[in-house]
$ cat entry_37.txt   # compact mmCIF, C-alpha atoms and all ligand atoms
# COMPACT_ATOMS: atom_id res chain seq x y z
CA MET A 1 112.65 63.55 85.49
CA LEU A 2 115.64 65.90 85.32
CA PRO A 3 116.30 68.17 88.30
CA PRO A 4 115.43 71.81 87.62
CA ARG A 5 117.93 74.24 86.10
CA ALA A 6 116.03 77.29 87.29
CA GLU A 7 112.44 76.96 88.36
CA VAL A 8 109.80 79.03 90.09
CA VAL A 9 107.19 76.93 91.85
CA VAL A 10 103.94 78.71 92.67
CA ASP A 11 101.75 77.15 95.34
CA LEU A 12 98.14 77.87 94.45
CA ASP A 13 96.99 76.51 97.81
CA ALA A 14 99.01 79.32 99.40
CA ILE A 15 97.30 81.84 97.09
CA ARG A 16 93.97 80.38 98.20
CA HIS A 17 94.87 80.49 101.89
CA ASN A 18 96.08 84.11 101.72
CA THR A 19 93.09 85.25 99.65
CA ALA A 20 90.65 83.62 102.06
CA LEU A 21 92.35 85.30 105.01
CA LEU A 22 92.23 88.74 103.34
CA ALA A 23 88.67 88.30 102.11
CA ALA A 24 87.57 87.33 105.64
CA ARG A 25 89.21 90.49 107.04
CA ALA A 26 87.58 92.63 104.37
CA ALA A 27 84.21 91.00 104.95
CA GLU A 28 84.35 91.95 108.65
CA SER A 29 83.98 95.54 107.42
CA GLY A 30 81.45 94.59 104.77
CA ALA A 31 83.98 94.98 101.95
CA ALA A 32 84.44 92.79 98.87
CA THR A 33 87.93 91.77 97.74
CA MET A 34 89.75 92.70 94.55
CA VAL A 35 92.90 90.68 93.96
CA VAL A 36 95.53 92.64 92.05
CA VAL A 37 97.19 90.52 89.34
CA LYS A 38 99.12 93.27 87.53
CA ALA A 39 102.64 92.55 86.28
CA ASP A 40 101.67 88.96 85.55
CA GLY A 41 100.45 88.43 89.08
CA TYR A 42 103.56 89.98 90.69
CA GLY A 43 105.60 87.40 88.75
CA HIS A 44 103.41 84.45 89.83
CA GLY A 45 101.25 84.21 86.69
CA ALA A 46 98.13 86.36 86.41
CA LEU A 47 95.75 83.70 85.12
CA PRO A 48 96.36 80.83 87.57
CA VAL A 49 96.46 83.32 90.46
CA ALA A 50 93.23 84.97 89.30
CA ARG A 51 91.44 81.63 89.09
CA ALA A 52 92.67 80.46 92.49
CA ALA A 53 91.82 83.80 94.11
CA LEU A 54 88.30 83.89 92.66
CA ASP A 55 87.83 80.36 93.93
CA ALA A 56 88.94 81.41 97.42
CA GLY A 57 86.65 84.38 97.94
CA ALA A 58 87.85 87.27 95.79
CA THR A 59 85.14 88.74 93.58
CA TRP A 60 87.10 91.40 91.69
CA LEU A 61 90.41 91.48 89.81
CA GLY A 62 92.66 94.47 89.23
CA VAL A 63 95.30 95.07 86.56
CA VAL A 64 97.13 98.06 85.17
CA SER A 65 97.04 97.86 81.37
CA VAL A 66 94.30 97.13 78.88
CA ALA A 67 96.49 94.33 77.49
CA GLU A 68 96.60 92.68 80.92
CA ALA A 69 92.82 92.99 81.22
CA MET A 70 92.18 91.61 77.75
CA SER A 71 94.41 88.60 78.25
CA LEU A 72 92.34 87.63 81.30
CA ARG A 73 89.11 88.11 79.37
CA GLU A 74 90.46 86.14 76.40
CA ALA A 75 91.29 83.29 78.79
CA GLY A 76 87.65 83.23 79.84
CA VAL A 77 87.82 85.11 83.15
CA ARG A 78 84.44 86.84 83.50
CA ALA A 79 84.82 88.35 86.99
CA PRO A 80 84.51 92.11 87.52
CA LEU A 81 87.82 93.58 86.43
CA LEU A 82 89.34 97.04 86.77
CA CYS A 83 92.27 98.36 84.76
CA TRP A 84 93.72 101.67 85.79
CA LEU A 85 96.66 103.00 83.86
CA ASP A 86 97.42 103.00 80.19
CA VAL A 87 98.93 105.56 77.85
CA PRO A 88 96.64 108.28 76.52
CA GLY A 89 95.44 107.25 73.08
CA THR A 90 95.07 103.56 73.97
CA ASP A 91 91.92 102.17 72.38
CA LEU A 92 89.69 101.40 75.36
CA ARG A 93 86.75 100.08 73.34
CA PRO A 94 87.73 96.39 73.41
CA ALA A 95 88.05 96.63 77.18
CA VAL A 96 84.76 98.49 77.63
CA GLU A 97 83.00 96.02 75.33
CA SER A 98 84.45 93.17 77.43
CA ASP A 99 83.02 94.63 80.64
CA VAL A 100 86.36 95.86 81.91
CA ASP A 101 85.98 98.86 84.22
CA ILE A 102 88.32 101.77 83.54
CA GLY A 103 90.19 103.80 86.13
CA VAL A 104 89.92 107.49 85.26
CA SER A 105 91.91 110.44 86.62
CA THR A 106 91.21 113.15 84.05
CA VAL A 107 88.43 114.59 81.90
CA GLU A 108 90.35 113.37 78.84
CA GLY A 109 90.38 109.89 80.32
CA LEU A 110 86.66 110.08 80.85
CA ARG A 111 86.11 111.00 77.20
CA ALA A 112 88.42 108.20 76.07
CA ALA A 113 86.41 105.67 78.08
CA GLY A 114 83.31 106.89 76.23
CA PRO A 115 79.62 106.80 77.09
CA GLY A 116 78.56 103.39 78.31
CA ALA A 117 81.86 102.69 80.03
CA ALA A 118 81.92 101.79 83.71
CA VAL A 119 84.54 104.00 85.33
CA HIS A 120 86.21 104.32 88.72
CA LEU A 121 87.14 107.96 89.30
CA LYS A 122 90.46 108.26 91.06
CA ILE A 123 91.10 111.09 93.48
CA ASP A 124 94.71 111.88 94.30
CA THR A 125 94.66 112.15 98.08
CA GLY A 126 98.40 112.55 98.57
CA LEU A 127 100.34 109.83 96.78
CA THR A 128 100.80 112.24 93.89
CA ARG A 129 101.08 109.76 91.07
CA ASN A 130 97.95 109.33 89.01
CA GLY A 131 94.56 110.38 90.32
CA CYS A 132 92.80 113.70 89.99
CA PRO A 133 94.14 116.54 92.17
CA PRO A 134 91.48 117.83 94.61
CA ASP A 135 91.22 121.20 92.87
CA LEU A 136 90.20 119.53 89.59
CA TRP A 137 87.93 116.95 91.24
CA PRO A 138 84.64 118.92 91.13
CA GLU A 139 85.06 119.41 87.40
CA LEU A 140 85.84 115.71 86.80
CA VAL A 141 82.86 114.66 88.90
CA ALA A 142 80.52 117.10 87.14
CA GLU A 143 81.68 115.92 83.74
CA ALA A 144 81.27 112.27 84.78
CA ALA A 145 77.78 112.90 86.15
CA SER A 146 76.61 114.35 82.83
CA SER A 147 78.54 112.28 80.31
CA GLY A 148 76.66 108.99 80.15
CA VAL A 149 79.39 106.92 81.80
CA GLN A 150 78.51 104.72 84.71
CA VAL A 151 80.49 105.90 87.73
CA ARG A 152 80.90 102.60 89.54
CA ALA A 153 83.33 103.82 92.16
CA ILE A 154 85.58 106.53 93.45
CA TRP A 155 88.94 105.40 94.68
CA SER A 156 92.41 106.41 95.80
CA HIS A 157 95.69 104.82 96.87
CA LEU A 158 97.65 105.23 100.12
CA ALA A 159 101.29 106.27 100.32
CA CYS A 160 102.29 104.88 103.73
CA ALA A 161 99.81 102.14 104.64
CA ASP A 162 102.74 99.85 105.47
CA GLU A 163 103.69 102.20 108.33
CA PRO A 164 100.69 101.93 110.68
CA GLY A 165 100.10 105.20 112.48
CA HIS A 166 101.76 107.31 109.81
CA PRO A 167 99.92 110.67 109.83
CA SER A 168 99.50 110.65 106.05
CA ILE A 169 97.03 107.75 106.31
CA ASP A 170 94.41 109.78 108.16
CA ALA A 171 95.17 112.85 106.06
CA GLN A 172 94.53 110.85 102.89
CA ALA A 173 91.37 109.33 104.39
CA LYS A 174 90.07 112.84 105.12
CA ARG A 175 90.65 113.98 101.54
CA PHE A 176 88.96 110.79 100.36
CA ASP A 177 85.88 111.59 102.45
CA ASP A 178 85.79 115.11 101.02
CA ALA A 179 85.98 113.75 97.48
CA TYR A 180 83.15 111.34 98.24
CA ASP A 181 80.96 114.15 99.55
CA ILE A 182 81.52 116.08 96.32
CA ALA A 183 80.52 113.00 94.30
CA LEU A 184 77.36 112.57 96.39
CA ALA A 185 76.49 116.22 95.98
CA ALA A 186 76.77 115.77 92.21
CA GLY A 187 74.16 113.02 92.41
CA LEU A 188 76.55 110.08 92.08
CA ARG A 189 76.20 106.97 94.30
CA PRO A 190 79.55 105.26 93.73
CA MET A 191 81.27 102.50 95.68
CA ARG A 192 84.48 103.47 97.46
CA HIS A 193 87.83 101.68 97.55
CA LEU A 194 91.08 102.81 99.12
CA ALA A 195 92.85 99.99 100.96
CA ASN A 196 95.81 97.98 99.66
CA SER A 197 97.09 94.87 101.50
CA ALA A 198 98.63 96.80 104.37
CA ALA A 199 95.52 98.91 105.01
CA THR A 200 93.22 95.89 104.67
CA LEU A 201 95.15 94.16 107.44
CA SER A 202 95.60 97.17 109.71
CA ARG A 203 92.77 99.67 109.07
CA SER A 204 89.35 98.02 108.93
CA ASP A 205 87.84 101.51 108.96
CA LEU A 206 89.35 102.17 105.52
CA CYS A 207 88.07 99.04 103.78
CA PHE A 208 84.84 100.72 102.54
CA ASP A 209 83.07 98.65 99.83
CA LEU A 210 86.07 96.97 98.26
CA VAL A 211 89.74 96.37 99.06
CA ARG A 212 92.53 96.01 96.49
CA VAL A 213 94.99 93.43 97.75
CA GLY A 214 98.19 92.42 96.01
CA ILE A 215 101.33 91.55 97.90
CA ALA A 216 99.60 89.74 100.78
CA VAL A 217 97.81 87.45 98.33
CA TYR A 218 101.27 86.28 97.30
CA GLY A 219 102.06 85.61 100.96
CA LEU A 220 104.39 88.54 101.59
CA ASN A 221 103.54 90.71 104.56
CA PRO A 222 103.86 94.48 104.10
CA LEU A 223 103.35 95.19 107.80
CA PRO A 224 105.80 95.20 110.70
CA HIS A 225 103.69 92.75 112.75
CA LYS A 226 103.19 89.07 111.95
CA GLU A 227 100.27 87.80 109.86
CA ASP A 228 99.39 84.22 108.99
CA LEU A 229 100.41 84.49 105.33
CA VAL A 230 102.17 81.80 103.30
CA PRO A 231 104.65 82.88 100.61
CA ALA A 232 103.46 81.31 97.37
CA MET A 233 106.69 81.42 95.37
CA THR A 234 109.67 79.12 95.72
CA PHE A 235 112.74 79.61 93.55
CA ARG A 236 114.76 76.43 93.14
CA SER A 237 117.58 74.95 91.17
CA SER A 238 119.96 72.02 91.56
CA VAL A 239 123.63 71.22 91.86
CA VAL A 240 125.26 70.60 88.46
CA LEU A 241 128.89 70.11 89.55
CA THR A 242 130.84 69.68 92.77
CA LYS A 243 134.55 70.03 93.35
CA ARG A 244 136.94 69.71 96.19
CA LEU A 245 138.77 72.94 96.84
CA PRO A 246 142.12 73.10 98.66
CA ALA A 247 142.63 75.90 101.21
CA GLY A 248 143.83 79.09 99.56
CA GLU A 249 141.86 78.78 96.29
CA SER A 250 139.59 81.64 95.20
CA VAL A 251 136.12 81.54 93.68
CA SER A 252 134.41 83.46 90.83
CA TYR A 253 135.13 86.80 89.14
CA GLY A 254 137.37 89.16 91.00
CA GLN A 255 138.45 86.32 93.31
CA THR A 256 136.63 88.04 96.14
CA TRP A 257 136.42 84.88 98.29
CA THR A 258 139.23 82.49 99.17
CA SER A 259 138.84 79.22 101.05
CA THR A 260 140.66 79.09 104.38
CA VAL A 261 140.32 75.31 104.72
CA ASP A 262 139.87 72.39 102.33
CA THR A 263 136.19 72.38 101.36
CA THR A 264 133.66 71.16 98.83
CA VAL A 265 131.95 73.71 96.60
CA ALA A 266 128.79 73.12 94.57
CA LEU A 267 127.97 74.87 91.31
CA VAL A 268 124.35 75.97 90.83
CA PRO A 269 123.29 77.10 87.32
CA VAL A 270 121.46 80.32 88.19
CA GLY A 271 122.71 83.89 88.18
CA TYR A 272 121.59 87.45 87.71
CA ALA A 273 120.04 86.51 84.35
CA ASP A 274 117.70 84.27 86.32
CA GLY A 275 116.79 86.76 89.01
CA VAL A 276 119.58 86.44 91.57
CA PRO A 277 120.65 90.06 92.18
CA ARG A 278 124.40 90.46 91.76
CA THR A 279 124.33 92.74 94.79
CA LEU A 280 123.66 89.60 96.88
CA SER A 281 127.25 88.50 96.17
CA GLY A 282 128.78 87.36 99.46
CA ARG A 283 125.50 88.10 101.27
CA MET A 284 123.22 85.16 100.54
CA ASP A 285 122.57 81.61 101.63
CA VAL A 286 120.77 78.77 99.89
CA LEU A 287 119.04 75.75 101.37
CA LEU A 288 120.94 72.67 100.20
CA GLY A 289 120.68 69.23 101.76
CA GLY A 290 118.41 70.54 104.51
CA ARG A 291 120.87 73.22 105.63
CA ARG A 292 121.57 76.84 104.93
CA ARG A 293 124.89 77.28 103.17
CA PRO A 294 126.63 80.43 101.99
CA VAL A 295 127.03 81.41 98.36
CA VAL A 296 130.68 82.38 98.00
CA GLY A 297 132.30 84.76 95.53
CA ARG A 298 130.41 86.89 93.05
CA VAL A 299 127.01 86.06 91.60
CA CYS A 300 127.62 85.63 87.85
CA MET A 301 125.18 85.91 84.96
CA ASP A 302 124.54 82.16 84.93
CA GLN A 303 126.17 80.57 87.95
CA ILE A 304 126.69 80.74 91.68
CA VAL A 305 128.99 78.68 93.91
CA VAL A 306 127.95 77.29 97.30
CA ASP A 307 130.38 76.36 100.07
CA CYS A 308 129.35 72.97 101.46
CA GLY A 309 132.26 72.24 103.80
CA ASP A 310 132.88 68.51 104.12
CA ASP A 311 129.25 67.51 103.61
CA PRO A 312 128.41 64.93 100.94
CA VAL A 313 126.64 67.06 98.33
CA ARG A 314 125.87 65.47 94.97
CA VAL A 315 125.05 66.54 91.45
CA GLY A 316 121.26 66.75 91.21
CA ASP A 317 120.70 67.80 94.83
CA GLU A 318 117.93 70.35 95.20
CA VAL A 319 118.89 73.97 95.94
CA VAL A 320 116.25 76.35 97.27
CA LEU A 321 117.18 79.98 96.63
CA PHE A 322 114.11 81.36 98.38
CA GLY A 323 110.81 79.92 99.52
CA THR A 324 108.35 79.95 102.40
CA GLY A 325 111.07 80.14 105.04
CA ALA A 326 109.19 77.51 107.05
CA ASP A 327 112.11 75.09 106.68
CA GLY A 328 114.61 77.70 107.86
CA GLY A 329 115.56 78.59 104.30
CA PRO A 330 115.89 82.06 102.79
CA THR A 331 112.86 84.11 101.73
CA ALA A 332 112.27 86.76 99.08
CA THR A 333 111.86 89.20 101.96
CA GLU A 334 115.32 88.32 103.27
CA TRP A 335 116.82 89.00 99.83
CA ALA A 336 115.03 92.32 99.68
CA ASP A 337 116.13 93.36 103.17
CA THR A 338 119.73 92.44 102.38
CA ILE A 339 119.97 94.54 99.22
CA GLY A 340 117.76 97.41 100.33
CA THR A 341 114.63 96.88 98.31
CA ILE A 342 111.16 95.38 98.89
CA ASP A 343 110.06 91.80 98.31
CA TYR A 344 107.57 93.06 95.71
CA GLU A 345 110.53 93.76 93.43
CA ILE A 346 112.15 90.38 94.05
CA VAL A 347 109.13 88.23 93.16
CA THR A 348 107.94 90.49 90.34
CA GLY A 349 111.43 90.27 88.84
CA MET A 350 111.21 86.46 88.65
CA TYR A 351 109.29 86.47 85.39
CA ARG A 352 112.18 85.56 83.12
CA PRO A 353 112.37 83.54 79.93
CA ARG A 354 115.03 81.17 81.27
CA VAL A 355 113.20 80.40 84.50
CA THR A 356 110.45 77.84 84.12
CA ARG A 357 107.27 78.16 86.16
CA ARG A 358 105.37 75.28 87.67
CA TYR A 359 102.18 75.25 89.69
CA VAL A 360 101.39 73.05 92.64
CA GLY A 361 98.21 72.85 94.69
CA GLU A 362 94.68 72.72 93.44
CA PRO A 363 94.47 74.55 90.08
C1 LIG B 401 99.56 97.52 93.16
C2 LIG B 401 98.38 98.25 93.68
C3 LIG B 401 97.61 97.73 94.74
C4 LIG B 401 98.04 96.53 95.55
O1 LIG B 401 98.96 96.94 96.54
P1 LIG B 401 99.61 95.89 97.56
O2 LIG B 401 100.47 96.71 98.42
O3 LIG B 401 100.39 94.93 96.71
O4 LIG B 401 98.49 95.23 98.26
C5 LIG B 401 96.46 98.39 95.09
N1 LIG B 401 96.08 99.52 94.43
C6 LIG B 401 96.81 100.05 93.43
C7 LIG B 401 96.36 101.28 92.78
C8 LIG B 401 97.99 99.44 93.03
O5 LIG B 401 98.71 99.99 92.05
$ encode --input "entry_37.txt" --output "structure tokens" --more "lines below"
Ligand SMILES: *Cc1c(COP(=O)(O)O)cnc(C)c1O
Amino acid sequence: MLPPRAEVVVDLDAIRHNTALLAARAAESGAATMVVVKADGYGHGALPVARAALDAGATWLGVVSVAEAMSLREAGVRAPLLCWLDVPGTDLRPAVESDVDIGVSTVEGLRAAGPGAAVHLKIDTGLTRNGCPPDLWPELVAEAASSGVQVRAIWSHLACADEPGHPSIDAQAKRFDDAYDIALAAGLRPMRHLANSAATLSRSDLCFDLVRVGIAVYGLNPLPHKEDLVPAMTFRSSVVLTKRLPAGESVSYGQTWTSTVDTTVALVPVGYADGVPRTLSGRMDVLLGGRRRPVVGRVCMDQIVVDCGDDPVRVGDEVVLFGTGADGGPTATEWADTIGTIDYEIVTGMYRPRVTRRYVGEP
């Protein structure tokens, strides 16, 4: 078998482990677990992740668009499924007819879902994206109570759950309670869900009936303290060329790096077209031959160059760009920290036509 050019390996056993851990936490508060597989499962593949997660204790799935929901249904996934944000005018009937619950923030959205739909009414408690502002909430609730829809849940989303102790968390929880009271007063008996991964792991009091976990399922920890999560994605490639470089030679566009001693460099056929941010130029290592080694010079569209010193690297040697970190290698979180973003963006950005995806672990 040829060594990989650019490959994402997704460990479904890690997805299972992380889901089981989160579902056990949620269950301590009596909550069920929705695994969020939007954006093609944060770049890991929505369908295999959904199946592994349902096998490991999740009972709900969450996506953003109707198209994402329908592709799960068309693949035979029958689990309860919520989709929460599409453009006004999207035909919701196929989703409703396929038992997909619809997230609703407005009276127009309620009408679009139509009688017979199962809806989750979203209250904006302070994130100020979608969700119904508190002043419009009584009207939305009244309309929902009289319109023939089934109000399965009320829900909201936290702005700062990844900063435990942030005052906005309690402020949002208070508004959520108020919204629930209004729904009860209107005769509704909905479930409640508020917690994302960070809140599920740090605020058992906010787990209510259901938690919506994403990033932690993929093994990335949104909290400052340690959790026993296993990153599911490994990004790997292989050496395609090595050359001996005399001291004083420069590498890659702009000649930003020059060798100070004779050294061996290895060419790896991945670049920013494959998900290596160009802003990591001069600031990243790879794991090659069991050791961390620096990438030198600029990250190109299709290639990076690794300084291997006098070590005997060979064409075909495996190169891990990021992985679990257990072997001392780089992680998606390390990439994110280096360039000033979050690991969500790194892994979600790995869904690329030139990068193949392979699954390991029990399917
Ligand atoms: C993406 C998303 C989640 C999952 O958040 P994580 O931080 O990945 O756990 C939960 N709820 C909503 C509304 C989302 O958009």
$ residues_around --input "entry_37.txt" --residues "Asp124 in chain A" --least-positions-apart "2" --cutoff "10 Å" --atoms "only C-alpha atoms" --output "short mmCIF file (atom, residue, chain, number, x, y, z; two decimals) with C-alpha atoms, keeping the file's coordinate frame"
data_model
loop_
_atom_site.label_atom_id
_atom_site.label_comp_id
_atom_site.auth_asym_id
_atom_site.auth_seq_id
_atom_site.Cartn_x
_atom_site.Cartn_y
_atom_site.Cartn_z
CA SER A 105 91.91 110.44 86.62
CA LEU A 121 87.14 107.96 89.30
CA LYS A 122 90.46 108.26 91.06
CA GLY A 126 98.40 112.55 98.57
CA LEU A 127 100.34 109.83 96.78
CA THR A 128 100.80 112.24 93.89
CA ARG A 129 101.08 109.76 91.07
CA ASN A 130 97.95 109.33 89.01
CA GLY A 131 94.56 110.38 90.32
CA CYS A 132 92.80 113.70 89.99
CA PRO A 133 94.14 116.54 92.17
CA PRO A 134 91.48 117.83 94.61
CA TRP A 137 87.93 116.95 91.24
CA TRP A 155 88.94 105.40 94.68
CA SER A 156 92.41 106.41 95.80
CA HIS A 157 95.69 104.82 96.87
CA LEU A 158 97.65 105.23 100.12
CA GLN A 172 94.53 110.85 102.89
CA ARG A 175 90.65 113.98 101.54
CA PHE A 176 88.96 110.79 100.36
CA ALA A 179 85.98 113.75 97.48
#
$ residues_around --input "entry_37.txt" --residues "range 339-346 of chain A" --least-positions-apart "6" --cutoff "12 Å" --atoms "all atoms listed in the file" --output "count of residues only"
40
$ closest_residue --input "entry_37.txt" --among "A:Ala46, A:Val119, A:Ala199, A:Val265" --to "ligand LIG 401 (chain B)" --atoms "only C-alpha atoms and all ligand atoms"
A:Ala199
$ atom_distance --input "entry_37.txt" --atom1 "CA of Leu61 in chain A" --atom2 "CA of Arg357 in chain A"
21.8 Å
$ residues_around --input "entry_37.txt" --residues "Arg291 in chain A" --least-positions-apart "6" --cutoff "10 Å" --atoms "all atoms listed in the file" --output "number ranges by chain"
A: 285, 308, 319, 327-329
$ residues_around --input "entry_37.txt" --residues "Val296 in chain A" --least-positions-apart "4" --cutoff "8 Å" --atoms "only C-alpha atoms" --output "PDB file with C-alpha atoms, in the coordinates of the input"
ATOM      1  CA  VAL A 251     136.120  81.540  93.680  1.00  0.00           C
ATOM      2  CA  TRP A 257     136.420  84.880  98.290  1.00  0.00           C
ATOM      3  CA  SER A 281     127.250  88.500  96.170  1.00  0.00           C
ATOM      4  CA  GLY A 282     128.780  87.360  99.460  1.00  0.00           C
ATOM      5  CA  ILE A 304     126.690  80.740  91.680  1.00  0.00           C
ATOM      6  CA  VAL A 305     128.990  78.680  93.910  1.00  0.00           C
ATOM      7  CA  VAL A 306     127.950  77.290  97.300  1.00  0.00           C
ATOM      8  CA  ASP A 307     130.380  76.360 100.070  1.00  0.00           C
TER       9      ASP A 307
END
